[in-house]
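Structure, as C-alpha cells:
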Amino acid sequence: METIYKTMTVPVKCSRSDYEYLSNCNKLSAQVWNRIIELEKEFRNNNDGKWIGRSKLQKELKGFVHLHAKGIQHIIGKYLYARDGSLASKKAGQSNVRLPYRNKNYFATGWTYQDIKIVENKILFTKPVTKEKINGKVRRQKPVVCHVKFVPDNIVQIELIYRNKLYLSIKYKEQSEHLQIQSNNSASIDLGEIHSIASIDTCGNALIITGRKMRAIKQLRNKHQARLYRRLSKCVEGSKQYWKYRKAMQKLSVKYENQINDAIHKTSKLFLDYCLENGISTVYYGDLDSATRLTKKKRIANNYIRQKLTQWSFGAIVESLSNKLSRHGIKLIKVSERYSSQKCPSCKSLKKPRNRQYSCQCGYKQHRDIVGAINILNDNHEINLTHYVSKKYLRIG
Ligand SMILES: [Zn+2]
C-alpha cells in the first residue's frame with residue numbers, strides 16, 4: 001500500500017452570509033501576508049540582516065486578524081516556503097530570483113483537518129472564538145457550512161481559492177490499491193480545440209472525442225459576456241445599474257463555468273472507458289505548457305489566437321484525466337510534443353499542416369490530430385505506427 005496525495009477542486013456552495021465570511025477570510029489572509037513582509041523587513045533591519053523565524057512570526061501575528069489560528073500558521077508556512085525556496089535558488093546562482101513581496105489583496109486561506117468537521121455531504125469550517133461574551137460565556141460562532149457532492153476521506157488540508165468565484169481546493173490522502181491493469185498496452189493523447197482528445201494505442205485503435213460542445217458553450221459565453229460588457233461600459237461606474245450588470249456578469253461566468261466543467265468530466269470519462277476497453281495502462285500526453293507559455297512571451301498581437309489558447313481548458317482536462325485514470329492505476333505521463341503535429345509518421349520529414357488533413361509529399365495522408373497522437377506514441381514507445389486499425393469518433397452528450 002502506498003499513500004498518495006490528491007487534490008480536488010469544487011465550487012463553494014453555502015449560504016450568502018457564509019460566502020461573505022469566506023471571501024473576507026481571503027482578504028484577512030492577504031493582510032497577514034503583507035504584515036509578514038513588514039515584520040521580515042523590521043527584523044532584518046534590527047538583526048544585521050538575519051532572517052525571521054517561524055516562532056517569532058507566530059508570536060507577532062497572534063490575534064493580528066480575526067482568523068482561525070491554523071489559518072495564520074498556514075500563511076506563515078507558505079511565506080517561509082516561498083522565501084526559503086527563492087533563497088535556495090539564489091544560492092544556486094540564479095540571478096533573477098525575487099523574494100516574496102507585499103501588497104496582496106487576496107490570499108488563499110487554509111484549513112487543516114483539525115479545523116474542519118464533516119457531516120454527511122457537508123464540510124463545516126470552524127470560526128475563531130470571539131472575545132465578546134454572551135450571558136457571561138464565550139460563545140463559539142456557528143461554523144461555515146459548505147455543501148460538497150462527494151467528500152473524500154482523509155482530508156489533509158483545504159484551501160480557499162478564487163477564480164472568478166470561490167472554490168475549495170481539497171487535498172486528501174488515498175491508499176493506492178494497485179488496481180494496475182494487467183496489460184502493457186499504451187496510448188497517446190493529442191489535446192486540441194477542434195478535437196478535445198485525439199488518441200491512438202499501440203494496437204492501432206484510434207479515438208477522437210470532438211470538442212464541438214465545449215466550443216459551443218464558450219462561444220455562447222463570449223457572446224453573452226460581450227453583450228453585457230457593452231452595456232456595462234455605457235453605465236456610470238458605481239451606479240446602481242452598473243452593479244446590476246456586474247452581478248449579472250458574475251452569475252454568467254459561474255453558469256458557463258459549470259457547463260464547461262461538466263463537459264470536461266464527460267470528455268475524460270469517455271477516454272477512461274476507451275482505456276479500460278483496450279487494456280491501456282500508460283497514457284502519454286503532449287506537454288502544451290511550453291507552447292502556451294511561449295506564445296505569451298511573444299505577446300501575440302492577435303487577440304483571437306490568445307483567447308483560443310487560454311480558453312483551451314487544457315489544464316482542466318489533464319487534471320480531470322489524471323484523477324480518473326489514477327483511480328484505475330493507469331499512468332498519465334507528460335512528454336514533449338515537439339514537432340508531433342508536423343512530423344510525417346511515414347517518412348519523418350517535417351511539414352506544417354495547412355488544414356485538418358495532414359498530407360505529405362511522400363503520399364502519406366492522415367487526419368491531422370491523429371498524426372499528432374501517432375507521433376507522440378512513436379516518440380515514447382518502441383513502435384512505429386503510421387495508420388490506425390480502427391477509429392472511433394465520439395462526442396459528449
Ligand atoms: Zn511523408
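Chain labels A, B, ... are given in the sequence in which chains occur in the C-alpha cells; within each chain residues are numbered consecutively from 1, and ligands are likewise numbered from 1 in the order shown.
If one restricts the calculation to only C-alpha atoms and all ligand atoms, the set of residues situated within 12 Å of ligand 1 consists of Gln342, Lys343, Cys344, Pro345, Ser346, Cys347, Lys348, Ser349, Leu350, Lys351, Lys352, Pro353, Tyr358, Ser359, Cys360, Gln361, Cys362, Gly363, Tyr364, Lys365, Gln366, Val371 and Thr386 of chain A.
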Can you tell me, as JSON, numbers by chain, what residues are no more than 12 Å from A:His195 when counting only C-alpha atoms, ignoring any on the same chain fewer than 4 positions away? {"A": [189, 190, 191, 199, 207, 208, 209, 210, 211, 212, 213, 214, 215, 267, 312, 314, 356, 367, 368, 369, 370, 372, 373, 393, 394, 395, 396]}
Step one, run DSSP on the backbone; step two, keep only residues of stretch 63-161 of chain A assigned to alpha helix (DSSP H); then write them as a ChimeraX atom specification. /A:69-91
Please identify all polymer residues within 10 Å of A:Ala206, counting only C-alpha atoms, omitting same-chain residues fewer than 5 positions from it, and present them as a ChimeraX atom specification. /A:187-188,198-201,274,370,373-374,387-393
Test item: residues at most 12 Å from A:Tyr256, only C-alpha atoms, excluding those fewer than 2 positions along its chain, as number ranges by chain: A: 164, 214-225, 249-254, 258-263
How would the residues just picked look written out with C-alpha atoms as a PDB file, in the first residue's frame?
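out-v5.pdb, freshly written:
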ATOM      1  CA  ASN A 164     -13.990  34.496 -10.504  1.00  0.00           C
ATOM      2  CA  MET A 214     -17.158  22.712 -25.428  1.00  0.00           C
ATOM      3  CA  ARG A 215     -16.594  25.221 -28.206  1.00  0.00           C
ATOM      4  CA  ALA A 216     -20.282  25.949 -28.484  1.00  0.00           C
ATOM      5  CA  ILE A 217     -20.517  26.653 -24.757  1.00  0.00           C
ATOM      6  CA  LYS A 218     -17.557  29.016 -24.909  1.00  0.00           C
ATOM      7  CA  GLN A 219     -18.818  30.835 -27.958  1.00  0.00           C
ATOM      8  CA  LEU A 220     -22.162  31.376 -26.318  1.00  0.00           C
ATOM      9  CA  ARG A 221     -20.453  32.602 -23.174  1.00  0.00           C
ATOM     10  CA  ASN A 222     -18.306  35.045 -25.121  1.00  0.00           C
ATOM     11  CA  LYS A 223     -21.333  36.383 -26.923  1.00  0.00           C
ATOM     12  CA  HIS A 224     -23.265  36.934 -23.698  1.00  0.00           C
ATOM     13  CA  GLN A 225     -20.257  38.419 -21.986  1.00  0.00           C
ATOM     14  CA  MET A 249     -21.667  39.008 -15.291  1.00  0.00           C
ATOM     15  CA  GLN A 250     -20.599  37.136 -12.202  1.00  0.00           C
ATOM     16  CA  LYS A 251     -23.652  34.943 -12.482  1.00  0.00           C
ATOM     17  CA  LEU A 252     -22.993  34.363 -16.156  1.00  0.00           C
ATOM     18  CA  SER A 253     -19.424  33.219 -15.685  1.00  0.00           C
ATOM     19  CA  VAL A 254     -20.438  30.800 -12.951  1.00  0.00           C
ATOM     20  CA  ASN A 258     -20.267  24.823 -14.576  1.00  0.00           C
ATOM     21  CA  GLN A 259     -21.223  23.806 -18.082  1.00  0.00           C
ATOM     22  CA  ILE A 260     -17.601  23.684 -19.175  1.00  0.00           C
ATOM     23  CA  ASN A 261     -16.616  21.636 -16.122  1.00  0.00           C
ATOM     24  CA  ASP A 262     -19.385  19.202 -16.902  1.00  0.00           C
ATOM     25  CA  ALA A 263     -18.141  18.879 -20.489  1.00  0.00           C
TER      26      ALA A 263
END
